[in-house]
file protein24.cif (mmCIF, C-alpha atoms)
data_structure
#
loop_
_atom_site.label_atom_id
_atom_site.label_comp_id
_atom_site.auth_asym_id
_atom_site.auth_seq_id
_atom_site.Cartn_x
_atom_site.Cartn_y
_atom_site.Cartn_z
CA MET H 13 -29.08 -33.77 -27.42
CA LYS H 14 -25.31 -33.91 -27.72
CA LYS H 15 -25.72 -34.21 -31.52
CA LYS H 16 -27.89 -31.08 -31.61
CA THR H 17 -25.28 -29.19 -29.63
CA THR H 18 -22.57 -30.15 -32.13
CA ILE H 19 -24.72 -29.08 -35.09
CA LEU H 20 -25.48 -25.72 -33.51
CA ALA H 21 -21.81 -25.13 -32.77
CA ALA H 22 -20.83 -26.01 -36.38
CA LEU H 23 -23.51 -23.67 -37.69
CA ALA H 24 -22.14 -20.83 -35.60
CA VAL H 25 -18.63 -21.42 -36.97
CA ILE H 26 -19.91 -21.50 -40.61
CA LEU H 27 -21.85 -18.26 -40.09
CA THR H 28 -18.77 -16.55 -38.69
CA LEU H 29 -16.55 -17.70 -41.58
CA SER H 30 -19.10 -16.77 -44.23
CA ALA H 31 -18.99 -13.14 -43.05
CA ALA H 32 -15.41 -12.86 -44.41
CA SER H 33 -15.80 -15.02 -47.53
CA GLY H 34 -17.31 -12.30 -49.74
CA SER H 35 -14.22 -10.14 -49.82
CA ALA H 36 -11.89 -13.11 -50.31
CA TRP H 37 -13.60 -14.09 -53.62
CA ALA H 38 -13.65 -10.64 -55.23
CA TYR H 39 -10.91 -9.80 -57.74
CA PHE H 40 -10.14 -6.67 -59.70
CA THR H 41 -10.95 -7.34 -63.36
CA THR H 42 -11.76 -5.29 -66.41
CA TYR H 43 -11.94 -5.61 -70.18
CA ALA H 44 -11.91 -3.62 -73.41
CA GLN H 45 -13.11 -4.68 -76.82
CA ALA H 46 -13.34 -3.34 -80.35
CA ARG H 47 -14.63 -4.60 -83.68
CA GLY H 48 -13.93 -3.65 -87.25
CA SER H 49 -15.40 -4.77 -90.54
CA TYR H 50 -15.20 -4.04 -94.24
CA PRO H 51 -17.24 -5.24 -97.21
CA ILE H 52 -15.84 -7.24 -100.12
CA GLU H 53 -17.02 -6.53 -103.66
CA LEU H 54 -16.25 -9.05 -106.35
CA GLY H 55 -17.52 -9.61 -109.87
CA ASP H 56 -17.25 -7.71 -113.12
CA ARG H 57 -19.37 -7.12 -116.20
CA THR H 58 -17.53 -6.28 -119.38
CA THR H 59 -18.56 -5.88 -123.00
CA VAL H 60 -16.61 -5.84 -126.24
CA GLU H 61 -17.07 -3.01 -128.71
CA GLU H 62 -16.02 -3.65 -132.31
CA ASP H 63 -15.86 -1.41 -135.37
CA PHE H 64 -14.89 -2.63 -138.81
CA SER H 65 -13.27 -0.62 -141.57
CA ALA H 66 -10.59 -1.21 -144.22
CA TRP H 67 -10.44 -4.91 -143.36
CA THR H 68 -9.56 -4.02 -139.81
CA LYS H 69 -11.42 -4.75 -136.60
CA HIS H 70 -11.08 -2.01 -133.99
CA VAL H 71 -11.61 -3.68 -130.64
CA SER H 72 -12.10 -2.17 -127.19
CA ILE H 73 -13.29 -3.79 -123.99
CA LYS H 74 -15.47 -1.77 -121.66
CA SER H 75 -16.03 -2.43 -117.98
CA GLU H 76 -19.37 -1.46 -116.51
CA PRO H 77 -19.55 0.85 -113.50
CA ASP H 78 -19.35 -0.91 -110.10
CA SER H 79 -17.30 -3.71 -111.61
CA GLU H 80 -14.20 -4.72 -109.74
CA PRO H 81 -10.83 -3.89 -111.37
CA VAL H 82 -9.73 -6.49 -113.92
CA TYR H 83 -6.95 -7.41 -116.29
CA ILE H 84 -7.93 -8.19 -119.89
CA ARG H 85 -6.51 -10.27 -122.73
CA VAL H 86 -7.75 -10.63 -126.30
CA ARG H 87 -7.25 -13.05 -129.15
CA ALA H 88 -8.82 -13.34 -132.62
CA PHE H 89 -9.34 -16.34 -134.88
CA CYS H 90 -9.95 -16.62 -138.62
CA GLY H 91 -9.51 -19.04 -141.50
CA ALA H 92 -6.00 -20.44 -142.09
CA ALA H 93 -5.79 -18.77 -145.50
CA TYR H 94 -5.66 -15.34 -143.96
CA GLN H 95 -3.35 -13.67 -141.54
CA LEU H 96 -4.23 -11.37 -138.64
CA VAL H 97 -1.94 -8.50 -137.79
CA TYR H 98 -2.35 -6.74 -134.44
CA SER H 99 -1.40 -3.15 -133.75
CA ASP H 100 -2.32 -0.37 -131.36
CA ALA H 101 -1.53 3.29 -131.08
CA SER H 102 -1.18 3.39 -127.30
CA GLY H 103 1.41 0.62 -126.98
CA LYS H 104 -0.51 -0.94 -124.07
CA TRP H 105 -1.33 -4.17 -125.90
CA SER H 106 1.47 -6.72 -126.04
CA PRO H 107 1.56 -10.31 -127.33
CA ASP H 108 2.56 -13.40 -125.42
CA SER H 109 3.57 -16.86 -126.59
CA ASP H 110 0.06 -18.21 -125.99
CA GLY H 111 -1.33 -16.04 -128.82
CA TYR H 112 -3.17 -13.62 -126.56
CA TYR H 113 -2.62 -9.87 -126.50
CA TYR H 114 -2.48 -8.58 -122.95
CA TYR H 115 -3.57 -5.10 -121.90
CA SER H 116 -1.02 -3.69 -119.49
CA ASP H 117 -3.25 -1.42 -117.42
CA VAL H 118 -5.79 -2.32 -114.78
CA VAL H 119 -9.28 -1.60 -116.10
CA LYS H 120 -11.48 -0.25 -113.33
CA GLY H 121 -15.27 -0.13 -113.29
CA GLY H 122 -16.54 2.38 -115.83
CA GLU H 123 -13.28 2.41 -117.80
CA ALA H 124 -12.42 0.95 -121.22
CA THR H 125 -9.23 -0.30 -122.85
CA ASP H 126 -7.52 1.55 -125.64
CA VAL H 127 -8.34 0.26 -129.12
CA LEU H 128 -6.60 -2.82 -130.46
CA ASP H 129 -6.57 -3.01 -134.26
CA ILE H 130 -6.78 -6.45 -135.84
CA LYS H 131 -6.13 -6.26 -139.59
CA ILE H 132 -7.05 -9.10 -141.94
CA GLU H 133 -4.37 -9.55 -144.53
CA ASN H 134 -4.12 -11.58 -147.76
CA VAL H 135 -7.73 -10.86 -148.61
CA PRO H 136 -8.38 -11.74 -152.30
CA GLU H 137 -9.24 -8.68 -154.35
CA ASP H 138 -12.43 -10.21 -155.68
CA ILE H 139 -13.96 -10.47 -152.23
CA LYS H 140 -15.92 -7.32 -151.56
CA ASP H 141 -18.23 -8.38 -148.75
CA PRO H 142 -16.65 -8.38 -145.30
CA ALA H 143 -19.59 -10.39 -144.01
CA SER H 144 -18.27 -13.41 -145.84
CA PHE H 145 -15.39 -13.42 -143.37
CA ASN H 146 -15.75 -14.86 -139.96
CA VAL H 147 -13.18 -13.35 -137.63
CA VAL H 148 -13.97 -14.24 -134.07
CA VAL H 149 -12.65 -12.07 -131.25
CA ILE H 150 -12.57 -13.55 -127.79
CA TYR H 151 -11.49 -11.80 -124.62
CA GLU H 152 -11.03 -12.86 -121.04
CA THR H 153 -10.85 -10.97 -117.75
CA THR H 154 -9.36 -11.88 -114.42
CA PRO H 155 -9.69 -10.04 -111.11
CA VAL H 156 -6.77 -7.87 -110.09
CA LEU H 157 -4.82 -9.40 -107.22
CA TYR H 158 -2.24 -7.61 -105.10
CA ARG H 159 1.07 -8.61 -103.64
CA GLU H 160 1.74 -7.84 -99.98
CA ASP H 161 3.33 -4.49 -100.88
CA GLY H 162 0.29 -3.48 -102.95
CA THR H 163 1.72 -4.23 -106.40
CA PRO H 164 -1.12 -5.41 -108.67
CA TYR H 165 -0.81 -8.58 -110.73
CA ALA H 166 -2.91 -11.01 -112.73
CA ASP H 167 -3.02 -14.73 -112.12
CA TRP H 168 -4.22 -16.15 -115.45
CA SER H 169 -3.56 -19.70 -114.27
CA ALA H 170 -5.90 -19.45 -111.26
CA LYS H 171 -8.66 -22.02 -111.31
CA VAL H 172 -12.01 -21.39 -109.75
CA ASP H 173 -13.28 -23.60 -107.00
CA ALA H 174 -16.86 -23.93 -108.20
CA LYS H 175 -19.96 -25.30 -106.57
CA THR H 176 -22.68 -26.25 -109.03
CA VAL H 177 -26.30 -25.57 -108.29
CA GLU H 178 -29.27 -26.60 -110.41
CA GLY H 179 -31.53 -23.63 -110.90
CA SER H 180 -35.26 -23.66 -111.52
CA VAL H 181 -37.06 -21.86 -114.31
CA MET K 2 -19.76 -25.51 -8.49
CA LYS K 3 -21.78 -28.53 -9.33
CA LYS K 4 -24.75 -26.32 -10.20
CA ILE K 5 -22.66 -24.21 -12.55
CA LYS K 6 -21.32 -27.32 -14.25
CA GLN K 7 -24.86 -28.68 -14.56
CA PHE K 8 -26.03 -25.40 -16.11
CA LEU K 9 -23.19 -25.29 -18.64
CA THR K 10 -23.93 -28.81 -19.87
CA SER K 11 -27.67 -28.16 -20.13
CA PRO K 12 -29.40 -27.58 -23.52
CA ALA K 13 -30.50 -24.17 -22.34
CA ALA K 14 -26.88 -23.07 -21.98
CA THR K 15 -26.07 -24.29 -25.50
CA VAL K 16 -28.98 -22.37 -27.00
CA ALA K 17 -28.00 -19.28 -25.04
CA ALA K 18 -24.43 -19.53 -26.35
CA PHE K 19 -25.66 -19.84 -29.95
CA VAL K 20 -27.92 -16.81 -29.60
CA LEU K 21 -25.00 -14.88 -28.16
CA ALA K 22 -22.79 -15.89 -31.12
CA VAL K 23 -25.40 -14.68 -33.62
CA ALA K 24 -25.82 -11.41 -31.70
CA LEU K 25 -22.05 -10.86 -31.67
CA LEU K 26 -21.89 -11.52 -35.41
CA LEU K 27 -24.62 -8.99 -36.14
CA PHE K 28 -23.11 -6.32 -33.91
CA SER K 29 -19.65 -6.81 -35.44
CA SER K 30 -20.96 -5.64 -38.83
CA ILE K 31 -22.38 -2.39 -37.50
CA GLY K 32 -19.44 -1.62 -35.30
CA GLY K 33 -17.91 0.59 -37.97
CA ALA K 34 -21.05 2.68 -38.18
CA ARG K 35 -20.85 3.49 -34.51
CA ALA K 36 -17.24 4.58 -34.65
CA ALA K 37 -16.90 8.31 -34.26
CA LEU K 38 -13.93 10.59 -34.63
CA ALA K 39 -13.22 11.73 -31.14
CA TYR K 40 -10.29 13.95 -31.92
CA TYR K 41 -8.89 15.70 -34.94
CA SER K 42 -6.06 18.07 -35.61
CA GLU K 43 -6.22 21.34 -37.55
CA ASN K 44 -3.11 20.29 -39.47
CA TYR K 45 -4.46 16.95 -40.51
CA SER K 46 -3.00 15.48 -43.71
CA THR K 47 -3.15 12.09 -45.33
CA ARG K 48 -2.01 10.17 -48.39
CA VAL K 49 -4.44 7.73 -50.01
CA GLN K 50 -3.46 5.16 -52.62
CA MET K 51 -6.37 4.24 -54.92
CA TYR K 52 -6.50 0.80 -56.39
CA ASP K 53 -8.03 1.30 -59.83
CA ILE K 54 -7.85 -1.28 -62.57
CA GLY K 55 -8.00 -0.19 -66.20
CA VAL K 56 -7.01 -1.48 -69.61
CA THR K 57 -6.85 -0.02 -73.12
CA LEU K 58 -6.64 -1.61 -76.56
CA GLU K 59 -4.41 0.32 -78.94
CA GLU K 60 -4.48 0.11 -82.75
CA ASN K 61 -1.52 1.55 -84.68
CA GLY K 62 -0.50 3.58 -81.64
CA LYS K 63 -3.95 5.05 -80.96
CA SER K 64 -6.34 4.12 -78.17
CA VAL K 65 -9.53 2.65 -79.61
CA SER K 66 -11.23 1.04 -76.66
CA TRP K 67 -10.80 1.18 -72.89
CA ARG K 68 -12.46 0.53 -69.55
CA ASN K 69 -10.91 2.17 -66.50
CA TYR K 70 -12.30 2.21 -62.97
CA ASP K 71 -12.59 5.76 -61.74
CA THR K 72 -12.57 6.12 -57.96
CA ASN K 73 -12.57 9.90 -58.27
CA SER K 74 -16.09 9.85 -59.61
CA SER K 75 -18.86 10.31 -57.09
CA ASP K 76 -20.39 6.91 -57.68
CA GLY K 77 -17.23 4.92 -58.42
CA SER K 78 -18.18 4.40 -62.02
CA TRP K 79 -16.24 3.12 -65.05
CA ASN K 80 -14.70 5.39 -67.61
CA GLU K 81 -15.16 3.36 -70.76
CA SER K 82 -15.25 3.64 -74.52
CA ALA K 83 -15.85 0.97 -77.14
CA GLY K 84 -14.29 2.11 -80.39
CA ALA K 85 -13.98 0.46 -83.78
CA LEU K 86 -11.05 -1.15 -85.55
CA LEU K 87 -10.04 -0.66 -89.22
CA THR K 88 -11.57 2.81 -89.49
CA GLN K 89 -8.28 4.34 -90.71
CA MET K 90 -7.34 1.37 -92.87
CA LEU K 91 -7.97 2.97 -96.27
CA PRO K 92 -7.55 6.51 -97.55
CA LYS K 93 -10.88 8.05 -98.47
CA GLY K 94 -12.13 6.82 -101.84
CA GLU K 95 -9.72 3.90 -102.05
CA GLN K 96 -11.00 0.37 -102.30
CA LEU K 97 -9.75 -2.64 -100.41
CA GLN K 98 -7.14 -4.54 -102.41
CA ILE K 99 -7.35 -8.30 -102.19
CA GLY K 100 -4.04 -9.80 -101.06
CA ARG K 101 -2.45 -6.51 -99.99
CA LYS K 102 -0.98 -6.38 -96.51
CA TYR K 103 -2.40 -3.58 -94.34
CA LYS K 104 -0.80 -2.32 -91.17
CA GLU K 105 -2.72 -3.45 -88.11
CA GLU K 106 -0.58 -3.15 -85.01
CA LEU K 107 -2.53 -4.12 -81.91
CA ARG K 108 -1.33 -3.97 -78.33
CA VAL K 109 -2.53 -3.48 -74.77
CA LYS K 110 -1.84 -0.68 -72.31
CA ASN K 111 -2.35 -0.80 -68.57
CA THR K 112 -4.32 2.39 -67.90
CA GLY K 113 -5.08 1.56 -64.29
CA THR K 114 -3.07 2.19 -61.13
CA ILE K 115 -2.42 -1.45 -60.27
CA ASN K 116 -0.31 -4.05 -62.05
CA GLN K 117 -2.19 -6.69 -63.98
CA TYR K 118 -2.09 -9.79 -66.16
CA VAL K 119 -3.83 -9.62 -69.53
CA ARG K 120 -5.12 -11.89 -72.24
CA VAL K 121 -6.58 -11.17 -75.69
CA SER K 122 -9.27 -13.03 -77.59
CA ILE K 123 -9.30 -12.38 -81.33
CA TYR K 124 -12.29 -13.28 -83.48
CA LYS K 125 -12.39 -13.41 -87.29
CA TYR K 126 -15.57 -14.09 -89.20
CA TRP K 127 -17.78 -13.06 -92.12
CA THR K 128 -21.18 -11.44 -92.13
CA ASN K 129 -23.46 -10.06 -94.79
CA ALA K 130 -22.46 -6.53 -95.74
CA PRO K 131 -24.97 -3.85 -94.78
CA LYS K 132 -26.95 -2.55 -97.70
CA GLY K 133 -27.08 1.06 -98.70
CA GLU K 134 -24.70 3.90 -97.95
CA ASN K 135 -23.63 2.97 -94.44
CA GLN K 136 -21.06 0.46 -95.56
CA ASN K 137 -18.82 1.11 -92.58
CA GLU K 138 -21.46 0.63 -89.92
CA THR K 139 -20.49 -1.86 -87.28
CA GLU K 140 -23.83 -3.19 -86.19
CA SER K 141 -23.64 -6.92 -85.95
CA SER K 142 -25.43 -8.90 -88.57
CA ALA K 143 -25.81 -12.59 -89.13
CA LYS K 144 -22.60 -14.58 -89.35
CA ARG K 145 -21.87 -16.36 -92.62
CA ILE K 146 -20.71 -19.73 -91.38
CA ASP K 147 -20.37 -20.94 -94.98
CA LEU K 148 -17.41 -18.57 -95.50
CA SER K 149 -13.98 -19.41 -94.14
CA PRO K 150 -12.36 -17.30 -91.36
CA ASN K 151 -9.01 -18.68 -92.58
CA LEU K 152 -9.13 -16.28 -95.53
CA ILE K 153 -8.95 -13.34 -93.10
CA LYS K 154 -5.21 -13.23 -92.44
CA LEU K 155 -4.45 -11.42 -89.20
CA HIS K 156 -0.72 -11.85 -88.76
CA LEU K 157 0.24 -12.41 -85.13
CA ALA K 158 3.46 -11.03 -83.70
CA ASN K 159 5.64 -11.82 -80.70
CA THR K 160 4.04 -15.19 -80.11
CA GLY K 161 6.21 -17.68 -78.26
CA ASN K 162 7.80 -16.07 -75.21
CA LYS K 163 5.83 -12.85 -74.93
CA TRP K 164 2.35 -13.78 -76.09
CA LEU K 165 1.30 -17.38 -75.41
CA VAL K 166 -1.22 -18.97 -77.74
CA ASP K 167 -3.81 -21.01 -75.86
CA GLU K 168 -4.22 -23.79 -78.40
CA SER K 169 -6.90 -25.51 -76.32
CA ALA K 170 -9.16 -22.45 -76.57
CA SER K 171 -8.36 -21.50 -80.16
CA THR K 172 -10.44 -22.35 -83.23
CA THR K 173 -10.46 -21.23 -86.85
CA GLU K 174 -12.60 -18.30 -85.73
CA ARG K 175 -10.99 -17.52 -82.38
CA THR K 176 -7.42 -17.13 -81.13
CA VAL K 177 -6.68 -16.65 -77.44
CA LEU K 178 -3.37 -15.10 -76.37
CA TYR K 179 -1.97 -14.64 -72.85
CA TYR K 180 0.69 -12.05 -72.14
CA SER K 181 3.35 -13.90 -70.20
CA LYS K 182 4.69 -10.93 -68.25
CA LEU K 183 3.22 -8.79 -65.53
CA LEU K 184 1.92 -5.60 -67.14
CA LYS K 185 2.78 -2.77 -64.80
CA SER K 186 0.69 0.33 -64.37
CA GLY K 187 1.23 2.69 -67.31
CA ASP K 188 3.17 0.12 -69.35
CA THR K 189 2.32 -1.20 -72.83
CA THR K 190 2.73 -4.74 -74.11
CA PRO K 191 4.61 -5.60 -77.29
CA ILE K 192 2.24 -5.81 -80.27
CA PHE K 193 0.34 -9.08 -80.66
CA ALA K 194 -0.62 -8.44 -84.32
CA ASP K 195 1.17 -6.41 -86.98
CA SER K 196 -0.80 -6.70 -90.22
CA PHE K 197 -3.73 -8.26 -91.97
CA SER K 198 -4.77 -9.12 -95.50
CA ILE K 199 -7.55 -10.88 -97.34
CA ASP K 200 -6.42 -14.06 -99.07
CA GLY K 201 -6.67 -13.98 -102.88
CA MET K 202 -8.54 -17.28 -102.65
CA VAL K 203 -11.75 -15.30 -102.11
CA ALA K 204 -11.65 -14.50 -105.85
CA THR K 205 -11.64 -18.19 -106.77
CA LYS K 206 -14.61 -19.38 -104.73
CA VAL K 207 -17.66 -19.31 -107.00
CA THR K 208 -21.06 -20.89 -107.35
CA GLN K 209 -22.31 -21.81 -110.80
CA THR K 210 -26.06 -22.01 -111.26
CA THR K 211 -27.26 -24.00 -114.25
CA GLU K 212 -30.69 -23.28 -115.71
CA THR K 213 -32.24 -24.95 -118.72
CA LYS K 214 -35.11 -23.31 -120.57
CA ASP K 215 -36.46 -24.04 -124.07
CA GLY K 216 -33.53 -26.31 -124.76
CA TYR K 217 -30.96 -23.69 -123.84
CA THR K 218 -28.72 -24.04 -120.81
CA THR K 219 -27.54 -20.92 -119.03
CA VAL K 220 -24.69 -21.07 -116.54
CA THR K 221 -24.49 -18.12 -114.14
CA THR K 222 -21.35 -17.74 -112.06
CA SER K 223 -21.35 -15.72 -108.84
CA TYR K 224 -18.60 -15.10 -106.33
CA ASP K 225 -19.27 -16.65 -102.92
CA TYR K 226 -17.58 -13.78 -101.07
CA ASP K 227 -19.19 -10.98 -103.07
CA GLY K 228 -21.42 -8.91 -100.78
CA ALA K 229 -19.88 -10.32 -97.62
CA GLN K 230 -17.88 -8.33 -95.12
CA PHE K 231 -15.02 -9.55 -93.01
CA CYS K 232 -14.95 -8.78 -89.30
CA ILE K 233 -12.07 -8.64 -86.86
CA GLU K 234 -12.83 -8.38 -83.17
CA ALA K 235 -10.39 -8.10 -80.27
CA LYS K 236 -11.32 -8.41 -76.60
CA VAL K 237 -8.79 -7.68 -73.88
CA ASP K 238 -9.26 -9.07 -70.36
CA ALA K 239 -7.22 -7.87 -67.39
CA VAL K 240 -6.98 -9.21 -63.87
CA GLN K 241 -5.18 -8.05 -60.76
CA GLU K 242 -1.60 -9.01 -59.94
CA HIS K 243 -2.31 -10.02 -56.33
CA ASN K 244 -3.21 -13.69 -55.94
CA ALA K 245 -3.10 -13.90 -59.75
CA GLU K 246 -3.42 -17.65 -60.17
CA ASP K 247 -6.71 -17.78 -58.27
CA ALA K 248 -7.88 -14.53 -59.84
CA VAL K 249 -7.27 -15.89 -63.36
CA TRP K 250 -9.01 -19.14 -62.49
CA SER K 251 -11.98 -17.31 -60.99
CA ALA K 252 -12.33 -14.65 -63.70
CA TRP K 253 -11.28 -16.51 -66.85
CA GLY K 254 -11.70 -20.19 -65.93
CA LYS K 255 -8.13 -20.96 -66.94
CA ARG K 256 -5.47 -22.66 -64.83
CA VAL K 257 -2.17 -20.79 -65.04
CA THR K 258 1.04 -20.72 -63.07
CA VAL K 259 2.55 -17.43 -62.02
CA ASP K 260 6.17 -17.58 -60.98
CA ASN K 261 8.09 -14.44 -60.15
CA GLY K 262 5.99 -12.28 -62.47
CA THR K 263 5.94 -14.75 -65.36
CA LEU K 264 2.71 -16.42 -66.38
CA SER K 265 2.59 -19.83 -68.04
CA LEU K 266 -0.35 -21.94 -69.17
CA ASP K 267 -1.01 -25.22 -67.37
#
call {"tool": "encode", "arguments": {"input": "protein24.cif", "output": "C-alpha cells"}}
result
Amino acid sequence: MKKKTTILAALAVILTLSAASGSAWAYFTTYAQARGSYPIELGDRTTVEEDFSAWTKHVSIKSEPDSEPVYIRVRAFCGAAYQLVYSDASGKWSPDSDGYYYYSDVVKGGEATDVLDIKIENVPEDIKDPASFNVVVIYETTPVLYREDGTPYADWSAKVDAKTVEGSV
Amino acid sequence: MKKIKQFLTSPAATVAAFVLAVALLLFSSIGGARAALAYYSENYSTRVQMYDIGVTLEENGKSVSWRNYDTNSSDGSWNESAGALLTQMLPKGEQLQIGRKYKEELRVKNTGTINQYVRVSIYKYWTNAPKGENQNETESSAKRIDLSPNLIKLHLANTGNKWLVDESASTTERTVLYYSKLLKSGDTTPIFADSFSIDGMVATKVTQTTETKDGYTTVTTSYDYDGAQFCIEAKVDAVQEHNAEDAVWSAWGKRVTVDNGTLSLD
C-alpha cells in the first residue's frame, strides 16, 4: 500500500510540472527563403560558304540562328608548288604564327564573318581548269568565354573532357 | 488525535489527497477565465511591448523574401513573401556570359521587434531547363545529379569572424553559415555573398556518341550542360535571443555557445 501511495504522489508531482512545460519549450523562430535559376545554352552550328573566281577563294563562315557566340579561325592548304595569299577588305582577319587566320569579332547566332580572300598564286598559264586544283579550307570555332569583368576571349588551347557513348542504329 | 493520525495514514486519505491535487490543477487553468475587472478608471492608459520575430533576405539591397509575425493582425498571422533571386541579373535581351562575374550581394535584415540569431543555408544545383517560352519560371524540376554544383561559383564574403561556415553541415551542394553576432531589431548583417559566375569548364564537358552504319562511323558531340539550368537557393533561419543556446539546439539541432552576444559553433 505504501508503494501505491508513493506512485500516486509522484504522479501528482509530474502532472503539476507538465502544466508548465509547454511554455518552457516554445521558442520564437522564423525563416525566409528564395530561389533563382537561369538556363545555359551551349553548342553552335556553323557552315562555310565559298565562292571561286580569278583563282581566288572567297570564304565566309556563317553561324546558324540559336547558336551560341563563337570565335572562328580559318586555314587553307594546297600543293607545295603553289602559294596562298590571304587578304580581306574589312581588316578583321589576322594571321598568327600557327598558320591560322583569326577573325577578331565574336560571331553570334545568325551572323556571318566578313569575307576572307585566299588567292592561289604561281598558277601555270596552261592550266585552265580550276577543278584540277585541290585547295582545302578548314575552319574551327570555339565558344566565347568571358573574364570576370565581362571581357570576351577565346581559349583555343582548351581541351574537351569527353565521355564516349556507343550509339545504336 | 490518534484517530486523526490513523485517518491520515489510511489509503482513503491518500486517494482523497490525489483527487484534491487533480482538482486544484484543473481549477488553476480556468482561474484566469473567472477573473473580472472590478474597477477601471476613465483615464486609463497603458503601454504594450509586442514580441514579434521577423527576418528578411535582401539581394543587392532589395528585399526579396521575408516572414514577419504580425501581432496587429486579428488572427496573429504571418506577413510573408517568397520572392525569387537572379531576376534582375541580366538586362533584357542579354544572354548569360559564361565566366563573367555578376553582382549578387546577399544579406539578412532583422525585420522583427526582438533581437535574434540567424543562419543561412545556401544550395547550388542543376536542373533541366523548362521548355518553351517561360525560361525564367522557378517551378522546381528534377535535379541533375550528374552535373557538378562546383561549377556554380557563388563567392562568399565576410566568412571567418562574421559569418561562420559550418563545415560539418556543408557539402558540394549546400553551405551553411552562422552569423556570429546578435542581430538586433532593425539591423542588417554584413553581406554573406558578393558575386557569382558560371565556370568556363561547362563549355568543355561533352559527350561523344559514336554510331556506325553501312561502314561509316559518325561521331556526334553534345555539351553536357546544354539545356540545363543552374539554381541558387538561400534559406535564412532566425531564432530568439533569449535562452539562445537552447533555442538554437531545439530549432536547428545544432550545439552552439553564446557568450556575451557572440555565437560560436561547438
call {"tool": "residues_around", "arguments": {"input": "protein24.cif", "residues": "K:Gln241", "least_positions_apart": "2", "cutoff": "10 Å", "atoms": "all atoms listed in the file", "output": "ChimeraX atom specification"}}
result
/H:39-42 /K:52-55,115-119,183-184,239,243-246,248-249
call {"tool": "residues_around", "arguments": {"input": "protein24.cif", "residues": "H:Asp173", "least_positions_apart": "5", "cutoff": "10 Å", "atoms": "all atoms listed in the file", "output": "number ranges by chain"}}
result
K: 202-209
call {"tool": "interface_residues", "arguments": {"input": "protein24.cif", "of": "chain K", "to": "chain H", "cutoff": "7 Å", "atoms": "all atoms listed in the file", "output": "ChimeraX atom specification"}}
result
/K:15,19,22,26,54-58,66-68,83-87,98-102,130,137,139,201,205-212,214,224,226-241,248
call {"tool": "atom_distance", "arguments": {"input": "protein24.cif", "atom1": "atom CA of K:Thr190", "atom2": "atom CA of K:Lys163"}}
result
8.7 Å
call {"tool": "residues_around", "arguments": {"input": "protein24.cif", "residues": "H:Ile130", "least_positions_apart": "6", "cutoff": "8 Å", "atoms": "all atoms listed in the file", "output": "list in words"}}
result
Thr68, Lys69, His70, Val71, Ala88, Leu96, Val97, Tyr98 and Ser99 of chain H
call {"tool": "write_last_selection", "arguments": {"input": "protein24.cif", "atoms": "C-alpha atoms", "output": "PDB file, in the coordinates of the input"}}
result
ATOM      1  CA  THR H  68      -9.560  -4.020-139.810  1.00  0.00           C
ATOM      2  CA  LYS H  69     -11.420  -4.750-136.600  1.00  0.00           C
ATOM      3  CA  HIS H  70     -11.080  -2.010-133.990  1.00  0.00           C
ATOM      4  CA  VAL H  71     -11.610  -3.680-130.640  1.00  0.00           C
ATOM      5  CA  ALA H  88      -8.820 -13.340-132.620  1.00  0.00           C
ATOM      6  CA  LEU H  96      -4.230 -11.370-138.640  1.00  0.00           C
ATOM      7  CA  VAL H  97      -1.940  -8.500-137.790  1.00  0.00           C
ATOM      8  CA  TYR H  98      -2.350  -6.740-134.440  1.00  0.00           C
ATOM      9  CA  SER H  99      -1.400  -3.150-133.750  1.00  0.00           C
TER      10      SER H  99
END
call {"tool": "resolve_selection", "arguments": {"input": "protein24.cif", "expression": "the PyMOL selection byres ((chain H and resi 57) around 8)", "output": "list of chain:residue names"}}
result
H:Gly55, H:Asp56, H:Thr58, H:Thr59, H:Ser75, H:Glu76, H:Ser79
call {"tool": "atom_distance", "arguments": {"input": "protein24.cif", "atom1": "atom CA of K:Ala17", "atom2": "atom CA of H:Lys15"}}
result
16.4 Å
call {"tool": "resolve_selection", "arguments": {"input": "protein24.cif", "expression": "the PyMOL selection byres ((chain K and resi 60) around 6)", "output": "ChimeraX atom specification"}}
result
/K:59,61-63,106-107
call {"tool": "resolve_selection", "arguments": {"input": "protein24.cif", "expression": "the PyMOL selection byres ((chain H and resi 103) around 12)", "output": "list of chain:residue names"}}
result
H:Tyr98, H:Ser99, H:Asp100, H:Ala101, H:Ser102, H:Lys104, H:Trp105, H:Ser106, H:Pro107, H:Tyr113, H:Tyr114, H:Tyr115, H:Ser116, H:Asp117, H:Thr125, H:Asp126, H:Val127, H:Leu128, H:Asp129
call {"tool": "closest_residue", "arguments": {"input": "protein24.cif", "among": "K:Asp225, K:Asp215, K:Asp200, K:Asp167", "to": "K:Arg120", "atoms": "all atoms listed in the file"}}
result
K:Asp167
call {"tool": "closest_residue", "arguments": {"input": "protein24.cif", "among": "K:Thr221, K:Asn162, K:Ser169, K:Thr128", "to": "K:Ser149", "atoms": "only C-alpha atoms"}}
result
K:Thr128
call {"tool": "closest_residue", "arguments": {"input": "protein24.cif", "among": "H:Trp67, H:Val118, H:Ile19, H:Gly111", "to": "H:Ile139", "atoms": "all atoms listed in the file"}}
result
H:Trp67
call {"tool": "atom_distance", "arguments": {"input": "protein24.cif", "atom1": "atom CA of K:Arg108", "atom2": "atom CA of K:Leu152"}}
result
22.5 Å
call {"tool": "residues_near_point", "arguments": {"input": "protein24.cif", "point": "(-6.4, -6.9, -93.8)", "cutoff": "7 Å", "atoms": "all atoms listed in the file", "output": "list in words"}}
result
Lys102, Tyr103, Ile153, Lys154, Leu155, Ser196, Phe197, Ser198 and Ile199 of chain K
